[in-house]
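*Asks:* So I've got this file, query.cif, and it contains mmCIF, C-alpha atoms:
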```cif
data_final
loop_
_atom_site.label_atom_id
_atom_site.label_comp_id
_atom_site.auth_asym_id
_atom_site.auth_seq_id
_atom_site.Cartn_x
_atom_site.Cartn_y
_atom_site.Cartn_z
CA MET A 1 131.32 80.42 11.54
CA HIS A 2 134.14 82.86 10.78
CA ASN A 3 131.73 85.47 9.42
CA ARG A 4 129.64 85.14 12.57
CA ILE A 5 132.72 85.74 14.73
CA ASP A 6 133.47 88.89 12.76
CA GLN A 7 129.91 90.12 13.31
CA ILE A 8 130.17 89.51 17.05
CA ALA A 9 133.52 91.28 17.21
CA ALA A 10 132.24 94.23 15.20
CA SER A 11 129.26 94.60 17.52
CA ALA A 12 131.28 94.22 20.70
CA PHE A 13 134.34 96.25 19.79
CA GLY A 14 132.84 98.91 17.54
CA PHE A 15 135.04 98.37 14.49
CA LYS A 16 134.77 97.67 10.82
CA ARG A 17 137.52 95.80 9.05
CA PRO A 18 140.25 96.44 8.17
CA ARG A 19 140.63 98.68 11.24
CA LEU A 20 140.11 97.17 14.68
CA CYS A 21 139.48 98.99 17.96
CA LEU A 22 139.54 96.39 20.69
CA ALA A 23 138.09 98.43 23.49
CA PRO A 24 135.83 101.28 24.51
CA ALA A 25 137.46 104.48 25.73
CA ALA A 26 137.54 103.31 29.35
CA ALA A 27 139.46 100.18 28.45
CA LEU A 28 141.86 102.04 26.18
CA ALA A 29 143.13 103.92 29.22
CA CYS A 30 143.95 100.71 31.05
CA LEU A 31 147.20 99.78 29.29
CA VAL A 32 149.88 102.43 28.98
CA ALA A 33 153.27 102.56 27.32
CA LEU A 34 155.90 104.11 29.55
CA ALA A 35 158.29 105.16 26.80
CA GLY A 36 157.36 108.88 26.74
CA PRO A 37 158.45 111.71 28.99
CA ALA A 38 157.51 111.45 32.65
CA ASP A 39 155.02 114.31 32.37
CA ALA A 40 153.42 113.05 29.14
CA ALA A 41 149.84 111.80 29.15
CA PRO A 42 149.67 107.97 29.14
CA GLU A 43 149.05 106.35 25.78
CA ALA A 44 147.24 103.07 25.23
CA TYR A 45 149.57 100.16 24.48
CA LYS A 46 148.47 98.62 21.20
CA THR A 47 144.89 97.87 22.13
CA GLU A 48 143.88 99.03 18.66
CA TRP A 49 144.35 97.24 15.37
CA GLY A 50 147.99 97.40 14.31
CA PRO A 51 149.65 98.86 11.22
CA HIS A 52 149.40 95.68 9.16
CA GLY A 53 146.52 94.31 7.17
CA VAL A 54 145.85 90.68 8.09
CA GLN A 55 145.59 87.75 5.73
CA VAL A 56 144.02 84.48 6.85
CA ILE A 57 144.42 80.95 5.54
CA ASP A 58 141.56 79.09 7.17
CA ASN A 59 142.56 75.50 6.47
CA HIS A 60 146.17 75.08 5.45
CA ARG A 61 146.90 71.35 5.28
CA LEU A 62 150.21 70.41 6.86
CA PRO A 63 152.29 67.58 5.37
CA ALA A 64 151.71 64.15 6.89
CA ASP A 65 153.86 61.05 6.94
CA PRO A 66 152.32 57.74 5.81
CA GLY A 67 149.73 56.67 8.38
CA GLN A 68 149.86 60.01 10.15
CA ARG A 69 146.65 61.89 10.85
CA ARG A 70 145.85 64.73 8.47
CA LEU A 71 146.30 68.07 10.19
CA ARG A 72 144.93 71.45 9.19
CA ALA A 73 145.83 74.83 10.62
CA ARG A 74 144.42 78.34 10.60
CA ILE A 75 147.15 80.87 9.81
CA ALA A 76 146.79 84.63 10.35
CA TYR A 77 149.67 86.72 9.09
CA PRO A 78 150.46 90.37 8.42
CA ASP A 79 150.84 92.05 5.07
CA GLY A 80 154.44 93.07 4.61
CA ALA A 81 157.82 91.65 3.76
CA GLY A 82 158.73 90.43 7.25
CA PRO A 83 160.23 88.24 8.45
CA PHE A 84 157.77 88.14 11.36
CA PRO A 85 157.96 86.27 14.69
CA LEU A 86 155.82 83.16 15.03
CA VAL A 87 153.16 82.32 17.62
CA VAL A 88 151.73 78.78 17.72
CA TYR A 89 148.35 78.83 19.49
CA SER A 90 146.68 75.70 20.92
CA HIS A 91 142.90 76.12 21.20
CA GLY A 92 140.81 74.97 24.17
CA PHE A 93 139.12 71.58 24.34
CA ASN A 94 136.23 71.28 21.88
CA CYS A 95 136.81 74.87 20.74
CA TYR A 96 136.82 76.49 17.32
CA ARG A 97 140.13 77.91 16.09
CA GLU A 98 138.49 80.99 14.55
CA SER A 99 136.83 81.85 17.86
CA TYR A 100 140.19 83.22 19.01
CA SER A 101 140.48 85.64 16.07
CA GLY A 102 139.76 88.70 18.25
CA LEU A 103 143.10 88.01 19.92
CA THR A 104 145.21 86.13 17.38
CA ASP A 105 144.38 88.44 14.45
CA HIS A 106 145.15 91.40 16.72
CA TRP A 107 148.63 89.95 17.19
CA ALA A 108 148.93 89.45 13.43
CA SER A 109 148.06 93.12 12.82
CA HIS A 110 151.01 94.02 15.04
CA GLY A 111 153.46 91.89 13.10
CA TYR A 112 153.13 88.24 14.12
CA VAL A 113 152.39 85.06 12.19
CA VAL A 114 149.87 83.10 14.29
CA VAL A 115 149.22 79.43 13.55
CA LEU A 116 146.39 77.49 15.21
CA PRO A 117 146.52 73.74 14.56
CA GLU A 118 143.18 71.95 14.43
CA HIS A 119 143.45 69.43 17.25
CA PRO A 120 141.27 66.30 16.92
CA ASP A 121 138.80 67.54 19.56
CA CYS A 122 137.99 70.66 17.51
CA PRO A 123 134.32 70.51 16.35
CA THR A 124 135.44 70.99 12.72
CA ALA A 125 138.05 68.20 12.80
CA GLU A 126 137.78 65.92 9.79
CA ALA A 127 137.73 62.67 11.76
CA LYS A 128 136.04 61.74 15.02
CA MET A 129 138.23 60.81 17.95
CA THR A 130 138.60 57.17 18.90
CA PRO A 131 138.68 56.08 22.56
CA GLU A 132 142.44 55.72 22.20
CA ASP A 133 142.67 59.28 20.85
CA ILE A 134 140.81 60.56 23.89
CA ARG A 135 143.17 58.75 26.26
CA ASN A 136 146.22 60.11 24.46
CA LEU A 137 144.88 63.53 23.57
CA VAL A 138 147.50 65.54 25.44
CA TYR A 139 150.27 63.73 23.55
CA ILE A 140 148.48 64.15 20.22
CA ARG A 141 148.17 67.86 20.87
CA ILE A 142 151.86 68.12 21.79
CA SER A 143 152.66 66.34 18.53
CA ASP A 144 150.42 68.77 16.62
CA VAL A 145 152.43 71.74 17.92
CA GLY A 146 155.65 70.00 16.91
CA ARG A 147 154.24 69.24 13.46
CA VAL A 148 153.49 72.93 12.96
CA LEU A 149 157.13 73.79 13.65
CA ASP A 150 158.41 70.98 11.42
CA ALA A 151 156.14 72.01 8.54
CA LEU A 152 156.71 75.75 8.68
CA PHE A 153 160.48 75.43 8.76
CA ALA A 154 160.85 72.55 6.30
CA PRO A 155 162.92 73.73 3.32
CA ASP A 156 160.52 72.21 0.79
CA GLN A 157 157.32 73.47 2.46
CA GLU A 158 155.71 76.28 0.48
CA ILE A 159 152.82 78.28 1.94
CA PRO A 160 151.40 80.86 -0.47
CA GLY A 161 152.15 84.35 0.80
CA LEU A 162 154.36 83.16 3.64
CA SER A 163 157.53 81.84 2.06
CA ASP A 164 160.59 83.37 3.76
CA ARG A 165 158.39 85.64 5.89
CA ILE A 166 158.53 83.71 9.18
CA ASP A 167 161.46 84.30 11.52
CA TRP A 168 162.02 80.87 13.03
CA LYS A 169 164.54 82.33 15.49
CA ARG A 170 161.72 84.21 17.27
CA LYS A 171 158.79 82.04 18.30
CA ALA A 172 156.31 81.75 21.16
CA VAL A 173 153.75 79.17 22.19
CA ALA A 174 150.32 80.19 23.47
CA GLY A 175 147.09 78.44 24.37
CA HIS A 176 143.80 78.54 26.22
CA SER A 177 142.49 76.01 28.77
CA PHE A 178 143.58 72.54 27.55
CA GLY A 179 145.64 74.49 25.04
CA GLY A 180 147.11 76.42 27.95
CA MET A 181 148.23 73.10 29.43
CA VAL A 182 149.79 72.20 26.08
CA ALA A 183 151.60 75.55 26.12
CA GLN A 184 152.88 74.82 29.64
CA ILE A 185 154.22 71.43 28.56
CA THR A 186 155.76 72.44 25.24
CA TRP A 187 157.32 75.40 27.05
CA GLY A 188 159.06 73.04 29.47
CA GLN A 189 156.83 71.65 32.25
CA PRO A 190 157.69 67.92 32.40
CA LEU A 191 155.28 64.99 32.53
CA LYS A 192 155.62 61.61 34.22
CA ASP A 193 157.01 58.89 32.02
CA LEU A 194 154.32 56.35 31.17
CA HIS A 195 156.57 53.36 31.92
CA SER A 196 159.00 54.51 34.60
CA THR A 197 159.50 56.98 37.42
CA ASP A 198 161.44 59.36 35.18
CA ASN A 199 160.28 62.82 34.20
CA VAL A 200 159.99 63.59 30.50
CA SER A 201 160.32 67.01 28.91
CA TYR A 202 158.38 67.85 25.75
CA ALA A 203 159.86 71.33 25.40
CA LEU A 204 160.01 72.49 21.79
CA GLY A 205 162.46 75.36 22.01
CA PHE A 206 160.10 78.32 22.17
CA ASP A 207 161.34 81.72 23.33
CA ALA A 208 158.27 82.74 25.38
CA ALA A 209 154.85 81.42 26.40
CA VAL A 210 151.37 82.87 26.91
CA VAL A 211 149.17 80.63 29.09
CA MET A 212 145.49 81.61 29.13
CA SER A 213 143.34 79.82 31.73
CA GLY A 214 145.93 77.11 32.15
CA VAL A 215 145.91 74.27 34.67
CA GLY A 216 147.24 73.41 38.09
CA GLN A 217 148.59 70.04 39.17
CA MET A 218 147.33 67.18 36.98
CA PRO A 219 147.85 63.43 37.48
CA GLN A 220 150.20 63.14 34.49
CA MET A 221 152.43 66.01 35.61
CA ALA A 222 155.71 65.20 37.28
CA ASP A 223 156.09 66.05 40.95
CA GLY A 224 157.45 69.56 41.36
CA SER A 225 157.02 70.17 37.65
CA PHE A 226 155.97 73.80 38.11
CA ASN A 227 159.52 74.49 39.27
CA GLN A 228 160.59 73.79 35.70
CA ILE A 229 158.46 76.58 34.20
CA ARG A 230 161.01 79.25 33.42
CA GLY A 231 160.43 82.76 32.12
CA PRO A 232 159.40 84.62 30.11
CA VAL A 233 155.78 83.56 30.66
CA MET A 234 152.51 85.50 30.87
CA VAL A 235 149.58 83.74 32.60
CA THR A 236 146.01 85.04 32.39
CA GLY A 237 142.74 84.10 34.09
CA GLY A 238 139.65 85.48 35.81
CA THR A 239 137.89 85.28 39.17
CA LEU A 240 134.98 83.33 37.59
CA ASP A 241 137.38 81.01 35.77
CA LEU A 242 137.02 77.85 37.84
CA GLY A 243 138.83 74.58 37.15
CA ASN A 244 137.40 71.12 36.46
CA ILE A 245 139.36 68.13 35.12
CA GLY A 246 136.36 65.87 34.62
CA GLY A 247 135.58 64.76 38.16
CA PRO A 248 133.37 66.18 40.90
CA THR A 249 136.07 68.54 42.20
CA ILE A 250 135.75 72.19 41.21
CA TYR A 251 138.96 74.12 41.71
CA PRO A 252 139.03 77.83 42.60
CA TRP A 253 140.23 80.30 39.99
CA GLU A 254 143.70 80.40 41.54
CA TRP A 255 144.24 76.81 40.34
CA ARG A 256 144.32 78.10 36.77
CA MET A 257 147.01 80.61 37.73
CA ALA A 258 149.37 77.89 38.98
CA PRO A 259 151.89 78.38 36.13
CA TYR A 260 152.48 81.82 37.63
CA LEU A 261 151.84 81.20 41.32
CA LEU A 262 153.85 77.95 41.65
CA SER A 263 156.72 78.67 39.29
CA PRO A 264 159.98 80.31 40.38
CA ALA A 265 160.40 84.06 40.04
CA GLY A 266 162.00 85.56 36.98
CA ARG A 267 160.31 87.13 33.92
CA LYS A 268 156.82 86.00 35.00
CA TYR A 269 153.65 88.08 34.56
CA SER A 270 150.01 87.51 35.45
CA VAL A 271 146.72 89.12 34.51
CA VAL A 272 143.56 88.34 36.51
CA LEU A 273 140.26 89.80 35.32
CA GLU A 274 137.75 90.61 38.05
CA GLU A 275 134.49 88.85 37.10
CA GLY A 276 136.30 87.33 34.12
CA ASP A 277 135.00 83.91 33.06
CA HIS A 278 136.61 81.06 31.14
CA TYR A 279 135.15 82.14 27.78
CA LEU A 280 135.09 85.95 28.11
CA GLY A 281 131.33 85.72 27.72
CA GLY A 282 131.67 83.59 24.57
CA LEU A 283 134.25 85.78 22.79
CA ILE A 284 136.83 82.95 22.88
CA CYS A 285 136.51 79.18 22.43
CA ARG A 286 132.84 79.01 21.44
CA GLU A 287 130.06 81.56 21.32
CA ASP A 288 127.66 79.13 23.03
CA ARG A 289 130.00 78.76 26.02
CA GLY A 290 129.24 82.23 27.36
CA GLY A 291 126.24 83.40 29.35
CA PRO A 292 124.96 82.60 32.84
CA ASP A 293 124.45 78.89 32.13
CA ASN A 294 128.22 78.57 31.82
CA LYS A 295 129.07 80.82 34.77
CA GLY A 296 129.72 83.63 32.36
CA GLY A 297 128.08 86.85 31.37
CA ALA A 298 127.70 89.12 28.38
CA HIS A 299 130.42 89.41 25.78
CA ASP A 300 133.45 90.71 27.68
CA ALA A 301 134.93 93.15 25.14
CA GLU A 302 136.75 95.05 27.88
CA GLY A 303 138.36 91.87 29.18
CA LEU A 304 139.49 90.89 25.70
CA ALA A 305 140.92 94.38 25.17
CA ILE A 306 142.94 94.15 28.38
CA LEU A 307 144.33 90.75 27.38
CA ALA A 308 145.07 91.91 23.84
CA GLY A 309 147.11 94.88 25.04
CA ALA A 310 148.94 93.00 27.80
CA THR A 311 149.84 89.98 25.66
CA THR A 312 150.97 92.16 22.75
CA ALA A 313 153.26 94.04 25.13
CA PHE A 314 154.62 90.70 26.36
CA LEU A 315 155.25 89.39 22.83
CA ASP A 316 156.81 92.68 21.75
CA ALA A 317 159.11 92.67 24.77
CA TRP A 318 160.42 89.13 24.41
CA LEU A 319 160.20 88.40 20.69
CA LYS A 320 160.91 91.87 19.27
CA LYS A 321 163.04 93.24 22.14
CA ASP A 322 160.91 96.40 22.03
CA ALA A 323 162.09 98.96 24.62
CA ALA A 324 158.64 100.50 25.24
CA ALA A 325 157.11 97.07 25.78
CA ARG A 326 159.92 96.11 28.16
CA SER A 327 159.37 99.32 30.14
CA PHE A 328 155.66 98.50 30.33
CA LEU A 329 156.42 95.06 31.76
CA ASP A 330 159.04 96.40 34.17
CA ALA A 331 156.24 98.35 35.87
CA PHE A 332 153.53 95.78 35.17
CA ASP A 333 152.29 95.52 38.75
CA GLN A 334 151.72 99.30 38.84
CA HIS A 335 149.18 99.38 36.00
CA ALA A 336 146.19 97.70 37.66
CA GLU A 337 144.72 100.95 38.99
CA LEU A 338 144.39 102.20 35.42
CA THR A 339 141.76 99.53 34.74
CA ALA A 340 139.43 101.01 37.38
CA GLY A 341 139.69 97.79 39.35
CA ARG A 342 138.92 95.46 36.45
CA ALA A 343 142.30 93.74 36.26
CA ARG A 344 145.03 92.69 38.64
CA PHE A 345 148.54 92.78 37.15
CA ALA A 346 151.50 91.11 38.87
CA ARG A 347 155.07 90.25 38.04
CA LYS A 348 157.90 88.41 39.73
#
```
Rewrite the structure of this file - the entire thing - as structure tokens.

*Replies:*
Amino acid sequence: MHNRIDQIAASAFGFKRPRLCLAPAAALACLVALAGPADAAPEAYKTEWGPHGVQVIDNHRLPADPGQRRLRARIAYPDGAGPFPLVVYSHGFNCYRESYSGLTDHWASHGYVVVLPEHPDCPTAEAKMTPEDIRNLVYIRISDVGRVLDALFAPDQEIPGLSDRIDWKRKAVAGHSFGGMVAQITWGQPLKDLHSTDNVSYALGFDAAVVMSGVGQMPQMADGSFNQIRGPVMVTGGTLDLGNIGGPTIYPWEWRMAPYLLSPAGRKYSVVLEEGDHYLGGLICREDRGGPDNKGGAHDAEGLAILAGATTAFLDAWLKKDAAARSFLDAFDQHAELTAGRARFARK
């Protein structure tokens, strides 16, 4: 599966490892760094493969307590001494972890350790879900993210090639679709208590969040819970990215942008891709989820390039305190015209 993803990426993006170019020339012009002189020509903001080679551990097995489910994780990390900031990425429902490599390995090449836990709904999960697992899946996924943090920062946990190279003081949570919801919750959006009228926070102390195709109001979310989503957060979606929580109701694309639209102002950023679908034409989640049968189109290399540049700028700004990235975000809503109408950027 991983080799197939590499082949798709090479065909779509025009690169051969170890160097990655995430976009054609038109897309490279869409994301600019504003650190140079005022009269200097704009430069693309990290849409190309970064300075680091990337190492991948496909199935690192995290420690488990007696009776606890076995949990594997895909880890992409940069060559170099580090220490590097951490991003924990929660994949979409029934999605493959490696299908996000076009984005997560891009982050790794720019100096991030990216860990994707294998939630029980992943097609490669070692055990099938029980009916109880399905009912409690959101809580299992929240626990998985917490287990990643516990394992990576445990003093007796050794990961070949990674010991002492993760900076636990700088960490972000990210996710797509159901994983976007998990990112919202572990970032700080409270849920209803199962046995009372109280609200319960499952925040795990992250410093920033990237929510890709997240969710609007859900039955288990506390009333007014979007007011608890603080910054810094970047939310991404597309105008073909409709919402469905299992019933007959189909929500418009704006529903998926709720973590931006309904949350209070302050260090919030949004990216909306015109004609962008939920799977970027099959470049994320699962290859077979793209195409017209899934309200998608051809592989959306340009859309992925836009998201790669924007999210890298966001991570650089808030985890690395990079001045050029912060300048880029300070003028975020002024960059949309550089995408020739493909993307809408907003901030508040």

*Asks:* Taking (160.7, 93.5, 25.9) as a centre in this file's frame and 12 Å as the limit, can you find every polymer residue with an atom that close, using only C-alpha atoms, and give them as a short mmCIF file (atom, residue, chain, number, x, y, z; two decimals) with C-alpha atoms, in the coordinates of the input?

*Replies:*
```cif
data_model
loop_
_atom_site.label_atom_id
_atom_site.label_comp_id
_atom_site.auth_asym_id
_atom_site.auth_seq_id
_atom_site.Cartn_x
_atom_site.Cartn_y
_atom_site.Cartn_z
CA ALA A 33 153.27 102.56 27.32
CA ALA A 35 158.29 105.16 26.80
CA ALA A 208 158.27 82.74 25.38
CA PRO A 232 159.40 84.62 30.11
CA ARG A 267 160.31 87.13 33.92
CA ALA A 310 148.94 93.00 27.80
CA THR A 311 149.84 89.98 25.66
CA THR A 312 150.97 92.16 22.75
CA ALA A 313 153.26 94.04 25.13
CA PHE A 314 154.62 90.70 26.36
CA LEU A 315 155.25 89.39 22.83
CA ASP A 316 156.81 92.68 21.75
CA ALA A 317 159.11 92.67 24.77
CA TRP A 318 160.42 89.13 24.41
CA LEU A 319 160.20 88.40 20.69
CA LYS A 320 160.91 91.87 19.27
CA LYS A 321 163.04 93.24 22.14
CA ASP A 322 160.91 96.40 22.03
CA ALA A 323 162.09 98.96 24.62
CA ALA A 324 158.64 100.50 25.24
CA ALA A 325 157.11 97.07 25.78
CA ARG A 326 159.92 96.11 28.16
CA SER A 327 159.37 99.32 30.14
CA PHE A 328 155.66 98.50 30.33
CA LEU A 329 156.42 95.06 31.76
CA ASP A 330 159.04 96.40 34.17
CA ALA A 331 156.24 98.35 35.87
CA PHE A 332 153.53 95.78 35.17
#
```

*Asks:* Any idea what the distance is between CA of Leu116 (chain A) and CA of Ile75 (chain A)?

*Replies:*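 Going from CA of Leu116 (chain A) over to CA of Ile75 (chain A) covers 6.4 Å.
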
*Asks:* Neighbours of region 177-183 of chain A within 7 Å (all atoms listed in the file; same-chain residues fewer than 4 positions away dropped), as JSON, numbers by chain?

*Replies:* {"A": [90, 91, 92, 93, 141, 142, 173, 187, 209, 211, 212, 213, 214, 215]}

*Asks:* Could you list, as a list in words, every residue matched by the PyMOL selection byres ((chain A and resi 54) around 10) in this structure?

*Replies:*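 Checked against the file, the PyMOL selection byres ((chain A and resi 54) around 10) matches Arg17, Pro18, Trp49, Gly50, Pro51, His52, Gly53, Gln55, Val56, Ala76, Tyr77, Pro78, Asp79, Gly80, Asp105, His106, Trp107, Ala108, Ser109, His110, Gly111, Tyr112 and Val113 of chain A.
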
*Asks:* Given the choices A:Arg72, A:Asp58, A:Thr239, A:Ser99, which gets closest to Ala127 (chain A) if the distance is worked out from only C-alpha atoms?

*Replies:*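 With only C-alpha atoms as the atom set, the closest residue is A:Arg72.
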
*Asks:* Looking at only C-alpha atoms, which of A:His299, A:Lys192, A:Arg165, A:Arg347 is the one that sits closest to Ala222 (chain A)?

*Replies:*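 Selected residue with least distance to Ala222 (chain A): A:Lys192.
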
*Asks:* Nearest to Glu302 (chain A) among A:Thr124, A:Gln334, A:Thr339, A:Gln220, with distances taken over all atoms listed in the file: which residue is it?

*Replies:*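 Closest candidate: A:Thr339.
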
*Asks:* Identify, on the basis of all atoms listed in the file, every residue whose closest approach to Cys122 (chain A) does not exceed 10 Å; exclude the query and any residue fewer than 6 positions from it along the same chain; express the result as a PDB file with C-alpha atoms, in the frame of the given file.

*Replies:*
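Saved to selection27.pdb:
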```pdb
ATOM      1  CA  HIS A  91     142.900  76.120  21.200  1.00  0.00           C
ATOM      2  CA  GLY A  92     140.810  74.970  24.170  1.00  0.00           C
ATOM      3  CA  PHE A  93     139.120  71.580  24.340  1.00  0.00           C
ATOM      4  CA  ASN A  94     136.230  71.280  21.880  1.00  0.00           C
ATOM      5  CA  CYS A  95     136.810  74.870  20.740  1.00  0.00           C
ATOM      6  CA  TYR A  96     136.820  76.490  17.320  1.00  0.00           C
ATOM      7  CA  ARG A  97     140.130  77.910  16.090  1.00  0.00           C
ATOM      8  CA  LYS A 128     136.040  61.740  15.020  1.00  0.00           C
ATOM      9  CA  MET A 129     138.230  60.810  17.950  1.00  0.00           C
ATOM     10  CA  CYS A 285     136.510  79.180  22.430  1.00  0.00           C
TER      11      CYS A 285
END
```

*Asks:* Could you give me, as a ChimeraX atom specification, the residues within 8 Å of Gly237 (chain A), counting all atoms listed in the file and dropping anything in the same chain fewer than 3 positions from it?

*Replies:* /A:212-214,241,253,256-257,271-273,276-278

*Asks:* Identify, on the basis of only C-alpha atoms, every residue whose closest approach to region 200-203 of chain A does not exceed 6 Å; exclude the query and any residue fewer than 4 positions from it along the same chain; express the result as number ranges by chain.

*Replies:* A: 186-188, 190-191, 193

*Asks:* When you count all atoms listed in the file, which of these residues is closest to His176 (chain A): A:Leu262, A:Trp255, A:Asp198, A:Ile284?

*Replies:*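 Closest to His176 (chain A) of all the choices is A:Ile284.
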
*Asks:* With 3 Å of padding per side, what axis-aligned box (centre and edge lengths, Å, one decimal) covers all the listed atoms of region 78-92 of chain A? Give it as AutoDock Vina command-line options.

*Replies:*
```
--center_x 150.5 --center_y 84.0 --center_z 14.0 --size_x 25.4 --size_y 24.1 --size_z 26.4
```

*Asks:* To one decimal in Å, tell me the separation between CA of Gly238 (chain A) and CA of Arg74 (chain A).

*Replies:*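 Here the two named atoms are 26.6 Å from each other.
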
*Asks:* Counting all atoms listed in the file, I want the residues whose atoms come within 7 Å of (153.1, 84.2, 37.9) in the file frame, returned as JSON, numbers by chain.

*Replies:* {"A": [235, 259, 260, 261, 263, 268, 269, 270, 347, 348]}

*Asks:* Using all atoms listed in the file, which of the listed residues (A:Asn59, A:Thr47, A:Gln68, A:Thr249) sits closest to Gly102 (chain A)?

*Replies:*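 Ranking A:Asn59, A:Thr47, A:Gln68, A:Thr249 by distance to Gly102 (chain A), first place goes to A:Thr47.
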
*Asks:* Please indicate the distance in Å from CA of Gly175 (chain A) to CA of Tyr89 (chain A), rounded to one decimal place.

*Replies:*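 Straight-line distance from CA of Gly175 (chain A) to CA of Tyr89 (chain A) works out to 5.1 Å.
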
*Asks:* Please evaluate the PyMOL selection byres ((chain A and resi 343) around 9) against the displayed coordinates and give the resulting residues as a compact mmCIF listing (two decimals) with C-alpha atoms, keeping the file's coordinate frame.

*Replies:*
```
# COMPACT_ATOMS: atom_id res chain seq x y z
CA CYS A 30 143.95 100.71 31.05
CA GLY A 238 139.65 85.48 35.81
CA VAL A 271 146.72 89.12 34.51
CA VAL A 272 143.56 88.34 36.51
CA LEU A 273 140.26 89.80 35.32
CA GLU A 274 137.75 90.61 38.05
CA GLY A 303 138.36 91.87 29.18
CA ILE A 306 142.94 94.15 28.38
CA HIS A 335 149.18 99.38 36.00
CA ALA A 336 146.19 97.70 37.66
CA GLU A 337 144.72 100.95 38.99
CA LEU A 338 144.39 102.20 35.42
CA THR A 339 141.76 99.53 34.74
CA ALA A 340 139.43 101.01 37.38
CA GLY A 341 139.69 97.79 39.35
CA ARG A 342 138.92 95.46 36.45
CA ARG A 344 145.03 92.69 38.64
CA PHE A 345 148.54 92.78 37.15
```
